[in-house]
file structure00.tsv (TSV, N, CA and C atoms)
chain	number	residue	atom	x	y	z
F	128	GLN	N	-14.61	83.46	-61.05
F	128	GLN	CA	-13.16	83.48	-61.06
F	128	GLN	C	-12.63	82.79	-62.31
F	129	VAL	N	-11.54	83.30	-62.81
F	129	VAL	CA	-10.89	82.66	-63.94
F	129	VAL	C	-9.39	82.73	-63.72
F	130	GLN	N	-8.72	81.63	-63.97
F	130	GLN	CA	-7.26	81.60	-63.88
F	130	GLN	C	-6.68	81.71	-65.28
F	131	LEU	N	-5.61	82.47	-65.39
F	131	LEU	CA	-4.93	82.67	-66.66
F	131	LEU	C	-3.52	82.12	-66.57
F	132	VAL	N	-3.12	81.36	-67.56
F	132	VAL	CA	-1.78	80.77	-67.58
F	132	VAL	C	-1.10	81.12	-68.89
F	133	GLU	N	0.03	81.83	-68.77
F	133	GLU	CA	0.80	82.19	-69.95
F	133	GLU	C	1.83	81.12	-70.26
F	134	SER	N	2.19	81.04	-71.53
F	134	SER	CA	3.25	80.14	-71.97
F	134	SER	C	3.85	80.69	-73.25
F	135	GLY	N	4.97	80.11	-73.65
F	135	GLY	CA	5.58	80.50	-74.91
F	135	GLY	C	6.77	81.42	-74.80
F	136	GLY	N	7.08	81.86	-73.60
F	136	GLY	CA	8.23	82.73	-73.44
F	136	GLY	C	9.53	81.95	-73.62
F	137	GLY	N	10.63	82.70	-73.67
F	137	GLY	CA	11.92	82.05	-73.82
F	137	GLY	C	12.99	83.01	-74.26
F	138	LEU	N	14.11	82.45	-74.68
F	138	LEU	CA	15.25	83.23	-75.14
F	138	LEU	C	15.26	83.24	-76.66
F	139	VAL	N	15.38	84.42	-77.24
F	139	VAL	CA	15.37	84.54	-78.69
F	139	VAL	C	16.37	85.62	-79.09
F	140	GLN	N	16.95	85.47	-80.26
F	140	GLN	CA	17.88	86.48	-80.75
F	140	GLN	C	17.12	87.68	-81.29
F	141	ALA	N	17.77	88.82	-81.25
F	141	ALA	CA	17.17	90.02	-81.82
F	141	ALA	C	16.80	89.76	-83.28
F	142	GLY	N	15.62	90.23	-83.65
F	142	GLY	CA	15.11	89.99	-84.99
F	142	GLY	C	14.26	88.73	-85.10
F	143	GLY	N	14.27	87.94	-84.05
F	143	GLY	CA	13.51	86.69	-84.05
F	143	GLY	C	12.06	86.89	-83.66
F	144	SER	N	11.36	85.76	-83.52
F	144	SER	CA	9.92	85.79	-83.25
F	144	SER	C	9.58	84.84	-82.11
F	145	LEU	N	8.49	85.15	-81.44
F	145	LEU	CA	7.91	84.28	-80.42
F	145	LEU	C	6.40	84.46	-80.45
F	146	ARG	N	5.69	83.42	-80.04
F	146	ARG	CA	4.25	83.55	-79.86
F	146	ARG	C	3.91	83.16	-78.43
F	147	LEU	N	3.36	84.09	-77.71
F	147	LEU	CA	2.90	83.84	-76.35
F	147	LEU	C	1.44	83.40	-76.38
F	148	SER	N	1.11	82.51	-75.46
F	148	SER	CA	-0.27	82.06	-75.31
F	148	SER	C	-0.74	82.33	-73.90
F	149	CYS	N	-2.01	82.60	-73.78
F	149	CYS	CA	-2.63	82.80	-72.47
F	149	CYS	C	-3.93	82.00	-72.48
F	150	THR	N	-3.98	80.96	-71.67
F	150	THR	CA	-5.14	80.08	-71.65
F	150	THR	C	-5.91	80.28	-70.36
F	151	ALA	N	-7.20	80.46	-70.51
F	151	ALA	CA	-8.08	80.67	-69.36
F	151	ALA	C	-8.66	79.35	-68.88
F	152	SER	N	-8.99	79.33	-67.59
F	152	SER	CA	-9.51	78.11	-66.98
F	152	SER	C	-10.97	77.87	-67.32
F	153	ARG	N	-11.61	78.86	-67.88
F	153	ARG	CA	-13.00	78.73	-68.29
F	153	ARG	C	-13.22	79.64	-69.48
F	154	THR	N	-14.38	79.50	-70.09
F	154	THR	CA	-14.64	80.30	-71.26
F	154	THR	C	-14.58	81.78	-70.90
F	155	PHE	N	-13.90	82.53	-71.75
F	155	PHE	CA	-13.85	83.97	-71.48
F	155	PHE	C	-14.03	84.75	-72.78
F	156	SER	N	-14.94	84.23	-73.61
F	156	SER	CA	-15.21	84.87	-74.89
F	156	SER	C	-15.81	86.26	-74.72
F	157	THR	N	-16.40	86.54	-73.56
F	157	THR	CA	-16.98	87.87	-73.32
F	157	THR	C	-16.12	88.70	-72.38
F	158	TYR	N	-14.84	88.36	-72.31
F	158	TYR	CA	-13.89	89.14	-71.53
F	158	TYR	C	-13.00	89.92	-72.49
F	159	HIS	N	-12.71	91.14	-72.15
F	159	HIS	CA	-11.64	91.84	-72.86
F	159	HIS	C	-10.31	91.24	-72.41
F	160	ALA	N	-9.32	91.27	-73.27
F	160	ALA	CA	-8.03	90.66	-72.92
F	160	ALA	C	-6.88	91.61	-73.25
F	161	GLY	N	-5.87	91.56	-72.43
F	161	GLY	CA	-4.73	92.44	-72.65
F	161	GLY	C	-3.43	91.74	-72.32
F	162	TRP	N	-2.36	92.29	-72.87
F	162	TRP	CA	-1.00	91.87	-72.53
F	162	TRP	C	-0.24	93.08	-72.00
F	163	PHE	N	0.47	92.85	-70.92
F	163	PHE	CA	1.34	93.86	-70.33
F	163	PHE	C	2.72	93.26	-70.18
F	164	ARG	N	3.71	94.09	-69.90
F	164	ARG	CA	5.05	93.57	-69.66
F	164	ARG	C	5.75	94.43	-68.61
F	165	GLN	N	6.73	93.79	-67.97
F	165	GLN	CA	7.48	94.50	-66.93
F	165	GLN	C	8.94	94.10	-67.01
F	166	SER	N	9.80	95.10	-67.15
F	166	SER	CA	11.24	94.89	-67.15
F	166	SER	C	11.78	95.21	-65.76
F	167	PRO	N	12.94	94.66	-65.40
F	167	PRO	CA	13.53	94.94	-64.08
F	167	PRO	C	13.69	96.44	-63.84
F	168	GLY	N	13.20	96.89	-62.70
F	168	GLY	CA	13.35	98.28	-62.33
F	168	GLY	C	12.35	99.22	-62.99
F	169	LYS	N	11.45	98.66	-63.77
F	169	LYS	CA	10.45	99.49	-64.46
F	169	LYS	C	9.05	99.09	-64.05
F	170	GLU	N	8.12	100.01	-64.29
F	170	GLU	CA	6.73	99.71	-64.00
F	170	GLU	C	6.15	98.83	-65.11
F	171	ARG	N	5.11	98.10	-64.74
F	171	ARG	CA	4.43	97.28	-65.73
F	171	ARG	C	3.78	98.21	-66.76
F	172	GLU	N	3.92	97.84	-68.03
F	172	GLU	CA	3.40	98.71	-69.09
F	172	GLU	C	2.50	97.93	-70.04
F	173	PHE	N	1.61	98.65	-70.64
F	173	PHE	CA	0.67	98.08	-71.60
F	173	PHE	C	1.39	97.69	-72.88
F	174	VAL	N	0.95	96.57	-73.46
F	174	VAL	CA	1.50	96.11	-74.73
F	174	VAL	C	0.42	96.03	-75.81
F	175	ALA	N	-0.64	95.28	-75.52
F	175	ALA	CA	-1.67	95.08	-76.53
F	175	ALA	C	-2.98	94.70	-75.85
F	176	ALA	N	-4.10	94.94	-76.55
F	176	ALA	CA	-5.41	94.62	-75.99
F	176	ALA	C	-6.37	94.22	-77.09
F	177	HIS	N	-7.36	93.43	-76.69
F	177	HIS	CA	-8.37	92.94	-77.63
F	177	HIS	C	-9.74	93.07	-76.97
F	178	SER	N	-10.63	93.76	-77.62
F	178	SER	CA	-12.00	93.93	-77.12
F	178	SER	C	-12.88	92.81	-77.65
F	179	TRP	N	-13.58	92.13	-76.74
F	179	TRP	CA	-14.29	90.92	-77.17
F	179	TRP	C	-15.47	91.22	-78.08
F	180	ARG	N	-16.16	92.34	-77.85
F	180	ARG	CA	-17.42	92.54	-78.55
F	180	ARG	C	-17.23	92.87	-80.03
F	181	ASP	N	-16.29	93.77	-80.32
F	181	ASP	CA	-16.11	94.17	-81.72
F	181	ASP	C	-14.76	93.77	-82.29
F	182	ALA	N	-14.01	92.99	-81.50
F	182	ALA	CA	-12.69	92.50	-81.92
F	182	ALA	C	-11.71	93.62	-82.23
F	183	SER	N	-11.93	94.78	-81.65
F	183	SER	CA	-10.95	95.87	-81.83
F	183	SER	C	-9.65	95.50	-81.14
F	184	THR	N	-8.56	95.91	-81.74
F	184	THR	CA	-7.25	95.67	-81.14
F	184	THR	C	-6.53	97.00	-80.94
F	185	TYR	N	-5.69	97.01	-79.91
F	185	TYR	CA	-4.98	98.22	-79.53
F	185	TYR	C	-3.54	97.84	-79.20
F	186	TYR	N	-2.61	98.73	-79.51
F	186	TYR	CA	-1.19	98.43	-79.30
F	186	TYR	C	-0.45	99.64	-78.76
F	187	ALA	N	0.56	99.36	-77.96
F	187	ALA	CA	1.49	100.40	-77.56
F	187	ALA	C	2.29	100.82	-78.79
F	188	ASP	N	2.66	102.06	-78.84
F	188	ASP	CA	3.41	102.57	-79.99
F	188	ASP	C	4.71	101.78	-80.20
F	189	SER	N	5.31	101.34	-79.12
F	189	SER	CA	6.61	100.67	-79.20
F	189	SER	C	6.53	99.30	-79.87
F	190	VAL	N	5.33	98.72	-79.97
F	190	VAL	CA	5.21	97.38	-80.55
F	190	VAL	C	4.34	97.37	-81.81
F	191	LYS	N	3.76	98.50	-82.13
F	191	LYS	CA	2.87	98.57	-83.28
F	191	LYS	C	3.61	98.16	-84.56
F	192	GLY	N	2.99	97.29	-85.30
F	192	GLY	CA	3.61	96.80	-86.53
F	192	GLY	C	4.48	95.57	-86.33
F	193	ARG	N	4.77	95.24	-85.08
F	193	ARG	CA	5.61	94.06	-84.78
F	193	ARG	C	4.85	93.00	-83.99
F	194	PHE	N	3.92	93.41	-83.15
F	194	PHE	CA	3.16	92.48	-82.31
F	194	PHE	C	1.72	92.42	-82.80
F	195	THR	N	1.12	91.24	-82.65
F	195	THR	CA	-0.28	91.05	-83.02
F	195	THR	C	-0.99	90.26	-81.94
F	196	ILE	N	-2.08	90.80	-81.43
F	196	ILE	CA	-2.90	90.09	-80.45
F	196	ILE	C	-4.07	89.44	-81.18
F	197	SER	N	-4.38	88.22	-80.77
F	197	SER	CA	-5.51	87.51	-81.37
F	197	SER	C	-6.07	86.56	-80.33
F	198	ARG	N	-7.22	85.98	-80.62
F	198	ARG	CA	-7.80	85.05	-79.66
F	198	ARG	C	-8.51	83.93	-80.38
F	199	ASP	N	-8.55	82.80	-79.72
F	199	ASP	CA	-9.29	81.63	-80.20
F	199	ASP	C	-10.24	81.25	-79.08
F	200	ASN	N	-11.49	81.66	-79.21
F	200	ASN	CA	-12.45	81.43	-78.13
F	200	ASN	C	-12.73	79.94	-77.93
F	201	ALA	N	-12.63	79.16	-78.96
F	201	ALA	CA	-12.86	77.72	-78.82
F	201	ALA	C	-11.82	77.09	-77.90
F	202	LYS	N	-10.65	77.70	-77.83
F	202	LYS	CA	-9.57	77.20	-76.99
F	202	LYS	C	-9.37	78.03	-75.73
F	203	ASN	N	-10.24	79.02	-75.53
F	203	ASN	CA	-10.10	79.92	-74.37
F	203	ASN	C	-8.71	80.51	-74.28
F	204	THR	N	-8.17	80.89	-75.41
F	204	THR	CA	-6.78	81.31	-75.47
F	204	THR	C	-6.63	82.63	-76.23
F	205	VAL	N	-5.77	83.46	-75.68
F	205	VAL	CA	-5.37	84.70	-76.33
F	205	VAL	C	-3.89	84.58	-76.67
F	206	TYR	N	-3.53	85.08	-77.83
F	206	TYR	CA	-2.15	84.98	-78.29
F	206	TYR	C	-1.52	86.36	-78.44
F	207	LEU	N	-0.21	86.37	-78.35
F	207	LEU	CA	0.55	87.56	-78.69
F	207	LEU	C	1.69	87.12	-79.60
F	208	GLN	N	1.53	87.37	-80.89
F	208	GLN	CA	2.57	87.06	-81.85
F	208	GLN	C	3.55	88.22	-81.91
F	209	MET	N	4.81	87.91	-81.70
F	209	MET	CA	5.85	88.96	-81.65
F	209	MET	C	6.90	88.66	-82.71
F	210	VAL	N	7.13	89.61	-83.59
F	210	VAL	CA	8.15	89.44	-84.62
F	210	VAL	C	9.13	90.60	-84.53
F	211	ASN	N	10.28	90.43	-85.19
F	211	ASN	CA	11.31	91.46	-85.19
F	211	ASN	C	11.60	91.95	-83.77
F	212	LEU	N	11.83	90.99	-82.89
F	212	LEU	CA	12.04	91.34	-81.48
F	212	LEU	C	13.32	92.13	-81.28
F	213	LYS	N	13.26	93.04	-80.31
F	213	LYS	CA	14.39	93.92	-80.00
F	213	LYS	C	14.81	93.70	-78.55
F	214	ASP	N	16.01	94.14	-78.23
F	214	ASP	CA	16.50	94.02	-76.87
F	214	ASP	C	15.51	94.59	-75.86
F	215	GLU	N	14.94	95.71	-76.22
F	215	GLU	CA	14.04	96.41	-75.29
F	215	GLU	C	12.71	95.69	-75.07
F	216	ASP	N	12.48	94.61	-75.80
F	216	ASP	CA	11.28	93.80	-75.58
F	216	ASP	C	11.48	92.80	-74.45
F	217	THR	N	12.71	92.70	-73.96
F	217	THR	CA	12.98	91.78	-72.85
F	217	THR	C	12.17	92.19	-71.63
F	218	ALA	N	11.38	91.27	-71.10
F	218	ALA	CA	10.51	91.56	-69.97
F	218	ALA	C	9.75	90.29	-69.57
F	219	VAL	N	9.08	90.39	-68.45
F	219	VAL	CA	8.08	89.38	-68.10
F	219	VAL	C	6.76	89.86	-68.69
F	220	TYR	N	6.12	88.99	-69.44
F	220	TYR	CA	4.87	89.34	-70.10
F	220	TYR	C	3.70	88.73	-69.35
F	221	TYR	N	2.70	89.57	-69.09
F	221	TYR	CA	1.54	89.17	-68.33
F	221	TYR	C	0.27	89.27	-69.19
F	222	CYS	N	-0.56	88.29	-69.04
F	222	CYS	CA	-1.86	88.29	-69.66
F	222	CYS	C	-2.88	88.79	-68.64
F	223	ALA	N	-3.91	89.49	-69.10
F	223	ALA	CA	-4.94	89.99	-68.20
F	223	ALA	C	-6.30	89.93	-68.88
F	224	ALA	N	-7.34	89.83	-68.06
F	224	ALA	CA	-8.69	89.76	-68.59
F	224	ALA	C	-9.61	90.68	-67.81
F	225	SER	N	-10.52	91.28	-68.54
F	225	SER	CA	-11.48	92.21	-67.95
F	225	SER	C	-12.88	91.68	-68.19
F	226	SER	N	-13.62	91.45	-67.11
F	226	SER	CA	-14.96	90.87	-67.24
F	226	SER	C	-16.07	91.87	-66.97
F	227	THR	N	-15.76	92.99	-66.37
F	227	THR	CA	-16.82	93.86	-65.88
F	227	THR	C	-16.94	95.19	-66.62
F	228	MET	N	-16.00	95.48	-67.49
F	228	MET	CA	-16.00	96.79	-68.13
F	228	MET	C	-16.76	96.75	-69.45
F	229	SER	N	-17.62	97.74	-69.63
F	229	SER	CA	-18.36	97.81	-70.89
F	229	SER	C	-17.38	98.11	-72.03
F	230	THR	N	-17.79	97.78	-73.22
F	230	THR	CA	-16.93	97.97	-74.37
F	230	THR	C	-16.59	99.45	-74.58
F	231	SER	N	-17.58	100.30	-74.39
F	231	SER	CA	-17.35	101.74	-74.60
F	231	SER	C	-16.35	102.29	-73.60
F	232	VAL	N	-16.42	101.85	-72.36
F	232	VAL	CA	-15.47	102.32	-71.35
F	232	VAL	C	-14.10	101.71	-71.60
F	233	TYR	N	-14.10	100.44	-71.99
F	233	TYR	CA	-12.83	99.76	-72.26
F	233	TYR	C	-12.07	100.45	-73.38
F	234	ARG	N	-12.80	100.98	-74.33
F	234	ARG	CA	-12.17	101.64	-75.47
F	234	ARG	C	-11.26	102.77	-75.04
F	235	GLY	N	-11.55	103.39	-73.91
F	235	GLY	CA	-10.73	104.49	-73.41
F	235	GLY	C	-9.82	104.12	-72.26
F	236	ASN	N	-9.86	102.84	-71.87
F	236	ASN	CA	-9.11	102.43	-70.68
F	236	ASN	C	-8.37	101.12	-70.84
F	237	TYR	N	-8.18	100.66	-72.05
F	237	TYR	CA	-7.59	99.35	-72.28
F	237	TYR	C	-6.15	99.26	-71.82
F	238	ASP	N	-5.50	100.41	-71.69
F	238	ASP	CA	-4.08	100.41	-71.34
F	238	ASP	C	-3.84	100.59	-69.84
F	239	ARG	N	-4.87	100.57	-69.06
F	239	ARG	CA	-4.73	100.76	-67.62
F	239	ARG	C	-4.82	99.42	-66.90
F	240	MET	N	-3.90	99.18	-65.98
F	240	MET	CA	-3.92	97.93	-65.24
F	240	MET	C	-5.20	97.76	-64.45
F	241	GLY	N	-5.74	98.86	-63.96
F	241	GLY	CA	-6.96	98.79	-63.17
F	241	GLY	C	-8.19	98.37	-63.94
F	242	SER	N	-8.09	98.30	-65.26
F	242	SER	CA	-9.22	97.87	-66.08
F	242	SER	C	-9.39	96.36	-66.09
F	243	TYR	N	-8.43	95.63	-65.53
F	243	TYR	CA	-8.43	94.18	-65.61
F	243	TYR	C	-8.66	93.54	-64.25
F	244	ASP	N	-9.46	92.47	-64.28
F	244	ASP	CA	-9.84	91.78	-63.05
F	244	ASP	C	-8.95	90.59	-62.74
F	245	TYR	N	-8.39	90.00	-63.76
F	245	TYR	CA	-7.63	88.76	-63.60
F	245	TYR	C	-6.28	88.89	-64.30
F	246	TRP	N	-5.28	88.26	-63.67
F	246	TRP	CA	-3.92	88.32	-64.20
F	246	TRP	C	-3.28	86.94	-64.17
F	247	GLY	N	-2.43	86.69	-65.14
F	247	GLY	CA	-1.63	85.48	-65.12
F	247	GLY	C	-0.36	85.70	-64.31
F	248	GLN	N	0.44	84.64	-64.23
F	248	GLN	CA	1.66	84.70	-63.41
F	248	GLN	C	2.84	85.27	-64.18
F	249	GLY	N	2.72	85.36	-65.49
F	249	GLY	CA	3.77	85.94	-66.30
F	249	GLY	C	4.67	84.91	-66.95
F	250	THR	N	5.25	85.28	-68.08
F	250	THR	CA	6.21	84.43	-68.77
F	250	THR	C	7.37	85.31	-69.24
F	251	GLN	N	8.58	84.81	-69.05
F	251	GLN	CA	9.77	85.61	-69.34
F	251	GLN	C	10.11	85.56	-70.82
F	252	VAL	N	10.36	86.72	-71.39
F	252	VAL	CA	10.87	86.84	-72.75
F	252	VAL	C	12.21	87.55	-72.67
F	253	THR	N	13.23	86.90	-73.20
F	253	THR	CA	14.57	87.50	-73.19
F	253	THR	C	15.08	87.57	-74.63
F	254	VAL	N	15.43	88.77	-75.06
F	254	VAL	CA	15.92	88.99	-76.40
F	254	VAL	C	17.41	89.32	-76.31
F	255	SER	N	18.21	88.53	-76.99
F	255	SER	CA	19.66	88.74	-76.96
F	255	SER	C	20.13	89.31	-78.29
F	256	SER	N	21.08	90.23	-78.20
F	256	SER	CA	21.61	90.84	-79.44
F	256	SER	C	22.93	90.18	-79.83
call {"tool": "encode", "arguments": {"input": "structure00.tsv", "output": "structure tokens"}}
result
Amino acid sequence: QVQLVESGGGLVQAGGSLRLSCTASRTFSTYHAGWFRQSPGKEREFVAAHSWRDASTYYADSVKGRFTISRDNAKNTVYLQMVNLKDEDTAVYYCAASSTMSTSVYRGNYDRMGSYDYWGQGTQVTVSS
């Protein structure tokens, strides 16, 4: 079992930046990691993912070029750097980790919620215009 705790959310003006952190309760250097988000009245959607074995990164089209996922295994932490934030980025952001999926399978399924075994409680990001 691993617990994930997100932090770094808050209120920011459009065009601003935030960095979200997701810290695991134990080492998870061999876990794939992802970020998802959910806005009121909408389904949870994929944002970004990081494959542990080859450090491949994946992004939703809506955030490509603005968001960057990275990890610091020494700190058991995954980050989501967000720049040029827009109103539509307002959501609760969730961190997730996958411990059982092979890298090859993950490559085709990183954007699916069912690919992840562990989830954080979420952190609110609000972008004001």
call {"tool": "closest_residue", "arguments": {"input": "structure00.tsv", "among": "F:Thr195, F:Gln251, F:Asp238, F:Val232", "to": "Phe173 of chain F", "atoms": "all atoms listed in the file"}}
result
F:Asp238
call {"tool": "residues_near_point", "arguments": {"input": "structure00.tsv", "point": "(12.2, 83.9, -77.3)", "cutoff": "8 Å", "atoms": "all atoms listed in the file", "output": "compact mmCIF listing (two decimals) with N, CA and C atoms, keeping the file's coordinate frame"}}
result
# COMPACT_ATOMS: atom_id res chain seq x y z
N GLY F 135 4.97 80.11 -73.65
CA GLY F 135 5.58 80.50 -74.91
C GLY F 135 6.77 81.42 -74.80
N GLY F 136 7.08 81.86 -73.60
CA GLY F 136 8.23 82.73 -73.44
C GLY F 136 9.53 81.95 -73.62
N GLY F 137 10.63 82.70 -73.67
CA GLY F 137 11.92 82.05 -73.82
C GLY F 137 12.99 83.01 -74.26
N LEU F 138 14.11 82.45 -74.68
CA LEU F 138 15.25 83.23 -75.14
C LEU F 138 15.26 83.24 -76.66
N VAL F 139 15.38 84.42 -77.24
CA VAL F 139 15.37 84.54 -78.69
C VAL F 139 16.37 85.62 -79.09
N GLN F 140 16.95 85.47 -80.26
CA GLN F 140 17.88 86.48 -80.75
C GLN F 140 17.12 87.68 -81.29
N GLY F 143 14.27 87.94 -84.05
CA GLY F 143 13.51 86.69 -84.05
C GLY F 143 12.06 86.89 -83.66
N SER F 144 11.36 85.76 -83.52
CA SER F 144 9.92 85.79 -83.25
C SER F 144 9.58 84.84 -82.11
N LEU F 145 8.49 85.15 -81.44
CA LEU F 145 7.91 84.28 -80.42
C LEU F 145 6.40 84.46 -80.45
N ARG F 146 5.69 83.42 -80.04
CA ARG F 146 4.25 83.55 -79.86
C ARG F 146 3.91 83.16 -78.43
N GLN F 251 8.58 84.81 -69.05
CA GLN F 251 9.77 85.61 -69.34
C GLN F 251 10.11 85.56 -70.82
N VAL F 252 10.36 86.72 -71.39
CA VAL F 252 10.87 86.84 -72.75
C VAL F 252 12.21 87.55 -72.67
N THR F 253 13.23 86.90 -73.20
CA THR F 253 14.57 87.50 -73.19
C THR F 253 15.08 87.57 -74.63
N VAL F 254 15.43 88.77 -75.06
CA VAL F 254 15.92 88.99 -76.40
C VAL F 254 17.41 89.32 -76.31
N SER F 255 18.21 88.53 -76.99
CA SER F 255 19.66 88.74 -76.96
C SER F 255 20.13 89.31 -78.29
call {"tool": "closest_residue", "arguments": {"input": "structure00.tsv", "among": "F:Gly168, F:Val174, F:Trp246, F:Tyr158", "to": "Val132 of chain F", "atoms": "only N, CA and C atoms"}}
result
F:Trp246
call {"tool": "closest_residue", "arguments": {"input": "structure00.tsv", "among": "F:Tyr245, F:Trp162, F:Trp179, F:Tyr233", "to": "Asp199 of chain F", "atoms": "only C-alpha atoms"}}
result
F:Trp179
call {"tool": "residues_around", "arguments": {"input": "structure00.tsv", "residues": "Asn203 of chain F", "least_positions_apart": "6", "cutoff": "7 Å", "atoms": "only N, CA and C atoms", "output": "list in words"}}
result
Cys149, Thr150, Ala151, Ser152, Arg153, Thr154, Phe155 and Ser156 of chain F
call {"tool": "select_by_dssp", "arguments": {"input": "structure00.tsv", "residues": "chain F", "states": "helix (DSSP H, G or I)", "output": "ChimeraX atom specification"}}
result
/F:200-202,214-216,230-233,240-242
call {"tool": "closest_residue", "arguments": {"input": "structure00.tsv", "among": "F:Gln130, F:Thr230, F:Asn211, F:Thr204", "to": "Gly192 of chain F", "atoms": "all atoms listed in the file"}}
result
F:Asn211
call {"tool": "residues_around", "arguments": {"input": "structure00.tsv", "residues": "Arg164 of chain F", "least_positions_apart": "5", "cutoff": "8 Å", "atoms": "all atoms listed in the file", "output": "JSON, numbers by chain"}}
result
{"F": [169, 170, 171, 172, 173, 174, 175, 217, 218, 219, 220, 221, 222]}
call {"tool": "atom_distance", "arguments": {"input": "structure00.tsv", "atom1": "atom CA of Gly142 of chain F", "atom2": "atom CA of His177 of chain F"}}
result
24.8 Å
call {"tool": "atom_distance", "arguments": {"input": "structure00.tsv", "atom1": "atom CA of Leu147 of chain F", "atom2": "atom CA of Tyr185 of chain F"}}
result
16.7 Å
